[in-house]
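Below: one structure, written as structure tokens.
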Number of protein chains: 2
Amino acid sequence: MRTLKYALLGLIDRGPITGYDISKEFEKRIMANFWHAKHSQVYPELKRLLEENLITVELIIQGEKMEKKLYTITTEGHAEFVEWLLLDEPLGVTPKDVFRLRTFFSDFMSASDYEQHLHSQLDKHNFKKASLENSMTKSFDNIPEYGSKEFGDYAVLLGAIMREDSYLAWLKACLGAINRQD
Amino acid sequence: MRTLKYALLGLIDRGPITGYDISKEFEKRIMANFWHAKHSQVYPELKRLLEENLITVELIIQGEKMEKKLYTITTEGHAEFVEWLLLDEPLGVTPKDVFRLRTFFSDFMSASDYEQHLHSQLDKHNFKKASLENSMTKSFDNIPEYGSKEFGDYAVLLGAIMREDSYLAWLKACLGAINRQD
DNA sequence: GATTGCATGTAAGAGGTTACATGATTCC
DNA sequence: GGAATCATGTAACCTCTTACATGCAATC
């Protein structure tokens, strides 16, 4: 399906960018909430997009002699990206979740062991949620208007927070379901 | 991390089972809500578990001459599975989501195109939620007791429904955020 | 007798991670 | 001078999907 291809095209379509900065988007920024790729995957894909004439590259010198490569989208690249953007694909497989797998097999552990698991998960997801909410309040004091880059940022951040909320609610429901037996 | 290994060990730990029936679990049953694997991945992994002495195999004849292989867990297999079950692993990367990626790049499409996307997603997730809720009401009229196989089934099904609920709520929030501009 | 489901496998390739490898720049 | 960060790449390996391949059993 080559989704990474379109993730890269989208980022490059926003303006010239280096492979390094693309990798940073995946690792640390908002994008990490719904897509990711290591630099070892990004660089070869950029090479491929170049060969396919979807992007061009400009070598620039930073400081004395350090080279960096600025990638820019081509007309064909933009066209392919927008075409992909409008596709209505079927839902795709449900994401894998190791903790749900452990829950499925919870009959192989004691109630107190599973309860410990649940508390550990609650801690981790609470932490993640807090970090997302921190980003939210720091970046947005009202809903950005549709059509701006910020709208996308806001929408996916909201989605990430809601996903954490739902996961936390599920964990609490599991706790409740254990302790209901009395 | 070899998570598939433990998914297989868990299923086999519940009692002797064939590779075919394991594949069915991943494709159609409750497990599909948090893990999946095609038969082309299951059969080689079973072979590997055999070599590692974590399971044993018994060849049985079905009908006239059709062979099937019943896998049974060994003492070592059970021990390794339970050890894995109790592991408290770090959270792991956020699952990829193509529709969130499209949302992130929504500034490259018109509001009406994105709104169409949202309605299409609402349809698909509503359908999925209805199917999950149908399973829930058909299988459970009250919360199974902790320690039973049914408790795990119930917990992951509940989680799947809550996940769909949350996704639907997010989609509606996105719709609201577009139409708020007036 | 044909279709659907049962049952098991392999091969090629795509997608992704970990580790290896190198060198420049900036900040302390 | 040393550490962290900038910047780019490759190699080996693991995971997973798609396609190929075969044959039996049950049902209509």
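As shown in the structure tokens, the chain order sets the letters A, B, ...; within each chain, residues go from 1, and ligands are also counted from 1 in the order they appear.
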
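For region 24-36 of chain A, the non-local neighbours within 8 Å, defined as residues at least 5 positions apart in the same chain or in other chains and counting only C-alpha atoms (C1' of nucleotides), are Asp153, Val156, Leu157 and Ala160 of chain A; Thr94, Pro95, Lys96, Asp97, Val98, Arg100, Leu101 and Phe104 of chain B.
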
Determine, for each residue of chain A having at least one atom at most 8 Å from an atom of chain B, the closest pair of atoms and their separation in Å to one decimal, counting only C-alpha atoms; order by chain and ascending number, as CSV.
```
residue,atom,partner,partner_atom,distance
A:Thr3,CA,B:Val98,CA,7.6
A:Ala7,CA,B:Leu101,CA,7.3
A:Gly10,CA,B:Phe105,CA,6.8
A:Met31,CA,B:Leu101,CA,7.9
A:Ala32,CA,B:Thr94,CA,7.1
A:Asn33,CA,B:Thr94,CA,5.9
A:Phe34,CA,B:Lys96,CA,4.7
A:Trp35,CA,B:Lys96,CA,4.8
A:His36,CA,B:Lys96,CA,7.4
A:Val82,CA,B:Phe108,CA,7.0
A:Leu85,CA,B:Arg102,CA,6.0
A:Leu86,CA,B:Asp113,CA,7.3
A:Asp88,CA,B:His117,CA,6.9
A:Leu91,CA,B:Lys124,CA,7.0
A:Thr94,CA,B:Asn33,CA,5.9
A:Pro95,CA,B:Pro95,CA,6.1
A:Lys96,CA,B:Phe34,CA,4.7
A:Asp97,CA,B:Phe34,CA,5.2
A:Val98,CA,B:Phe34,CA,7.6
A:Arg100,CA,B:Phe34,CA,6.2
A:Leu101,CA,B:Phe34,CA,6.6
A:Arg102,CA,B:Leu85,CA,6.0
A:Thr103,CA,B:Gly152,CA,5.7
A:Phe104,CA,B:Gly152,CA,4.1
A:Phe105,CA,B:Gly152,CA,6.1
A:Ser106,CA,B:Gly152,CA,6.0
A:Asp107,CA,B:Gly147,CA,4.3
A:Phe108,CA,B:Val82,CA,7.0
A:Met109,CA,B:Val82,CA,7.6
A:Ser110,CA,B:Gly147,CA,7.4
A:Ala111,CA,B:Tyr146,CA,7.0
A:Asp113,CA,B:Leu86,CA,7.3
A:His117,CA,B:Asp88,CA,7.0
A:Ser120,CA,B:Asp88,CA,7.7
A:Lys124,CA,B:Leu91,CA,7.0
A:Ile143,CA,B:Ala177,CA,6.9
A:Glu145,CA,B:Gln181,CA,6.7
A:Tyr146,CA,B:Ile178,CA,5.7
A:Gly147,CA,B:Asp107,CA,4.3
A:Ser148,CA,B:Asp107,CA,5.5
A:Lys149,CA,B:Asp107,CA,5.7
A:Phe151,CA,B:Asp107,CA,7.5
A:Gly152,CA,B:Phe104,CA,4.1
A:Asp153,CA,B:Phe104,CA,6.0
A:Ala155,CA,B:Cys174,CA,6.4
A:Val156,CA,B:Arg100,CA,6.2
A:Leu158,CA,B:Trp170,CA,7.5
A:Gly159,CA,B:Trp170,CA,5.7
A:Met162,CA,B:Ser166,CA,6.4
A:Arg163,CA,B:Ser166,CA,6.4
A:Ser166,CA,B:Ser166,CA,6.1
A:Tyr167,CA,B:Arg163,CA,7.4
A:Trp170,CA,B:Gly159,CA,5.7
A:Cys174,CA,B:Ala155,CA,6.4
A:Ala177,CA,B:Ile143,CA,6.9
A:Ile178,CA,B:Tyr146,CA,5.7
A:Gln181,CA,B:Glu145,CA,6.6
```

- Please identify all polymer residues within 10 Å of DG9 (chain C), counting only C-alpha atoms (C1' of nucleotides), omitting same-chain residues fewer than 4 positions from it, and present them as a list in words. His39, Ser40, Tyr43 and Pro44 of chain B; DA21 and DT22 of chain D

- For chain B, list the residues within 10 Å of chain D, counting only C-alpha atoms (C1' of nucleotides), and write the list as a ChimeraX atom specification. /B:1-2,4,37-38,40-41,62-67

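The two atoms in question, C1' of DT8 (chain C) and CA of Gly15 (chain B), are spaced 20.2 Å apart.
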
- With distances taken over only C-alpha atoms (C1' of nucleotides), the candidate from B:Tyr20, B:Tyr71, B:Phe140, B:Phe127 nearest chain C is B:Tyr20

Counting only C-alpha atoms (C1' of nucleotides), which residues from chain C have an atom at most 12 Å from any atom of chain B, and could you show them as a CSV table (one decimal) with all heavy atoms, in the first residue's frame?
```csv
chain,number,residue,atom,x,y,z
C,5,DG,P,-17.9,-21.8,2.8
C,5,DG,OP1,-18.8,-21.2,3.8
C,5,DG,OP2,-16.9,-20.9,2.2
C,5,DG,O5',-17.1,-22.9,3.6
C,5,DG,C5',-17.8,-24.0,4.3
C,5,DG,C4',-16.8,-25.1,4.7
C,5,DG,O4',-16.2,-25.7,3.5
C,5,DG,C3',-15.7,-24.6,5.6
C,5,DG,O3',-15.6,-25.5,6.7
C,5,DG,C2',-14.5,-24.7,4.7
C,5,DG,C1',-14.9,-25.9,3.8
C,5,DG,N9,-14.1,-26.0,2.5
C,5,DG,C8,-14.0,-25.1,1.5
C,5,DG,N7,-13.3,-25.5,0.5
C,5,DG,C5,-13.0,-26.8,0.9
C,5,DG,C6,-12.2,-27.8,0.2
C,5,DG,O6,-11.6,-27.7,-0.9
C,5,DG,N1,-12.1,-29.0,0.9
C,5,DG,C2,-12.7,-29.2,2.2
C,5,DG,N2,-12.5,-30.4,2.7
C,5,DG,N3,-13.4,-28.3,2.8
C,5,DG,C4,-13.5,-27.1,2.1
C,6,DC,P,-14.6,-25.2,7.9
C,6,DC,OP1,-15.3,-25.5,9.1
C,6,DC,OP2,-13.8,-24.0,7.6
C,6,DC,O5',-13.6,-26.5,7.7
C,6,DC,C5',-14.1,-27.8,7.7
C,6,DC,C4',-13.0,-28.8,7.5
C,6,DC,O4',-12.5,-28.6,6.1
C,6,DC,C3',-11.7,-28.5,8.4
C,6,DC,O3',-11.3,-29.8,8.9
C,6,DC,C2',-10.7,-28.0,7.4
C,6,DC,C1',-11.1,-28.6,6.1
C,6,DC,N1,-10.7,-27.8,4.9
C,6,DC,C2,-9.9,-28.4,3.9
C,6,DC,O2,-9.5,-29.6,4.1
C,6,DC,N3,-9.5,-27.7,2.8
C,6,DC,C4,-10.0,-26.5,2.6
C,6,DC,N4,-9.6,-25.9,1.5
C,6,DC,C5,-10.8,-25.9,3.6
C,6,DC,C6,-11.1,-26.5,4.7
C,7,DA,P,-10.4,-29.8,10.2
C,7,DA,OP1,-10.4,-31.2,10.7
C,7,DA,OP2,-10.7,-28.7,11.0
C,7,DA,O5',-8.9,-29.6,9.5
C,7,DA,C5',-8.3,-30.6,8.9
C,7,DA,C4',-7.0,-30.1,8.1
C,7,DA,O4',-7.4,-29.5,6.9
C,7,DA,C3',-6.2,-29.1,8.8
C,7,DA,O3',-5.2,-29.7,9.6
C,7,DA,C2',-5.5,-28.3,7.6
C,7,DA,C1',-6.2,-29.0,6.4
C,7,DA,N9,-6.5,-28.0,5.3
C,7,DA,C8,-7.3,-26.9,5.4
C,7,DA,N7,-7.3,-26.2,4.3
C,7,DA,C5,-6.4,-26.8,3.5
C,7,DA,C6,-5.9,-26.6,2.2
C,7,DA,N6,-6.3,-25.5,1.4
C,7,DA,N1,-5.0,-27.4,1.6
C,7,DA,C2,-4.6,-28.5,2.4
C,7,DA,N3,-5.0,-28.8,3.6
C,7,DA,C4,-5.9,-27.9,4.1
C,8,DT,P,-4.0,-28.8,10.2
C,8,DT,OP1,-3.3,-29.7,11.2
C,8,DT,OP2,-4.4,-27.5,10.5
C,8,DT,O5',-3.0,-28.7,8.9
C,8,DT,C5',-2.5,-29.9,8.3
C,8,DT,C4',-1.5,-29.6,7.3
C,8,DT,O4',-2.2,-28.9,6.2
C,8,DT,C3',-0.4,-28.7,7.7
C,8,DT,O3',0.9,-29.4,7.7
C,8,DT,C2',-0.4,-27.5,6.7
C,8,DT,C1',-1.2,-28.0,5.6
C,8,DT,N1,-1.9,-26.9,4.9
C,8,DT,C2,-1.6,-26.7,3.6
C,8,DT,O2,-0.9,-27.4,2.9
C,8,DT,N3,-2.3,-25.7,3.0
C,8,DT,C4,-3.2,-24.8,3.6
C,8,DT,O4,-3.7,-23.9,3.0
C,8,DT,C5,-3.5,-25.1,5.0
C,8,DT,C7,-4.5,-24.3,5.7
C,8,DT,C6,-2.8,-26.1,5.6
C,9,DG,P,2.1,-28.8,8.4
C,9,DG,OP1,3.2,-29.9,8.5
C,9,DG,OP2,1.7,-28.2,9.7
C,9,DG,O5',2.6,-27.6,7.4
C,9,DG,C5',3.6,-28.0,6.6
C,9,DG,C4',3.5,-27.4,5.2
C,9,DG,O4',2.2,-26.8,5.0
C,9,DG,C3',4.4,-26.2,5.0
C,9,DG,O3',5.7,-26.7,4.9
C,9,DG,C2',3.9,-25.7,3.6
C,9,DG,C1',2.4,-26.1,3.7
C,9,DG,N9,1.5,-25.0,3.6
C,9,DG,C8,0.6,-24.4,4.5
C,9,DG,N7,0.0,-23.4,4.0
C,9,DG,C5,0.4,-23.3,2.7
C,9,DG,C6,0.1,-22.3,1.7
C,9,DG,O6,-0.8,-21.4,1.7
C,9,DG,N1,0.8,-22.5,0.5
C,9,DG,C2,1.7,-23.5,0.3
C,9,DG,N2,2.3,-23.6,-0.9
C,9,DG,N3,2.1,-24.4,1.2
C,9,DG,C4,1.4,-24.2,2.4
C,10,DT,P,6.9,-25.7,4.9
C,10,DT,OP1,8.2,-26.5,5.0
C,10,DT,OP2,6.6,-24.6,5.8
C,10,DT,O5',6.9,-25.1,3.4
C,10,DT,C5',6.9,-26.0,2.3
C,10,DT,C4',7.1,-25.1,1.0
C,10,DT,O4',5.9,-24.3,0.9
C,10,DT,C3',8.2,-24.1,1.1
C,10,DT,O3',8.9,-24.1,-0.2
C,10,DT,C2',7.6,-22.8,1.4
C,10,DT,C1',6.2,-22.9,0.8
C,10,DT,N1,5.1,-22.2,1.4
C,10,DT,C2,4.4,-21.3,0.7
C,10,DT,O2,4.6,-21.0,-0.5
C,10,DT,N3,3.4,-20.6,1.3
C,10,DT,C4,3.0,-20.8,2.7
C,10,DT,O4,2.1,-20.1,3.1
C,10,DT,C5,3.8,-21.7,3.4
C,10,DT,C7,3.5,-21.9,4.8
C,10,DT,C6,4.8,-22.4,2.8
C,11,DA,P,10.1,-23.3,-0.5
C,11,DA,OP1,10.9,-24.1,-1.5
C,11,DA,OP2,10.8,-22.9,0.8
C,11,DA,O5',9.6,-22.0,-1.1
C,11,DA,C5',8.7,-22.1,-2.3
C,11,DA,C4',8.7,-20.7,-3.0
C,11,DA,O4',7.6,-19.9,-2.4
C,11,DA,C3',10.0,-19.9,-2.8
C,11,DA,O3',10.2,-19.2,-4.1
C,11,DA,C2',9.7,-19.0,-1.7
C,11,DA,C1',8.2,-18.8,-1.8
C,11,DA,N9,7.4,-18.6,-0.5
C,11,DA,C8,7.7,-19.2,0.7
C,11,DA,N7,6.8,-18.9,1.6
C,11,DA,C5,6.0,-18.0,1.0
C,11,DA,C6,4.9,-17.2,1.5
C,11,DA,N6,4.4,-17.3,2.7
C,11,DA,N1,4.2,-16.4,0.6
C,11,DA,C2,4.7,-16.4,-0.7
C,11,DA,N3,5.7,-17.0,-1.2
C,11,DA,C4,6.3,-17.8,-0.3
C,17,DT,P,9.3,0.0,13.0
C,17,DT,OP1,8.6,0.2,14.2
C,17,DT,OP2,9.9,1.1,12.2
C,17,DT,O5',10.6,-1.0,13.4
C,17,DT,C5',10.3,-2.3,13.9
C,17,DT,C4',11.6,-2.9,14.4
C,17,DT,O4',12.4,-3.3,13.3
C,17,DT,C3',12.4,-2.0,15.3
C,17,DT,O3',12.8,-2.7,16.4
C,17,DT,C2',13.6,-1.6,14.4
C,17,DT,C1',13.7,-2.8,13.4
C,17,DT,N1,14.2,-2.5,12.1
C,17,DT,C2,15.2,-3.2,11.5
C,17,DT,O2,15.8,-4.1,12.2
C,17,DT,N3,15.5,-2.9,10.3
C,17,DT,C4,15.0,-2.0,9.4
C,17,DT,O4,15.4,-1.8,8.3
C,17,DT,C5,13.9,-1.2,10.1
C,17,DT,C7,13.2,-0.1,9.3
C,17,DT,C6,13.6,-1.5,11.3
```

- Query: What is the CA of Glu115 (chain B)-CA of Thr137 (chain A) distance in Å, reported with one decimal?
  - Reply: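 For CA of Glu115 (chain B) relative to CA of Thr137 (chain A), the distance reads 25.7 Å.
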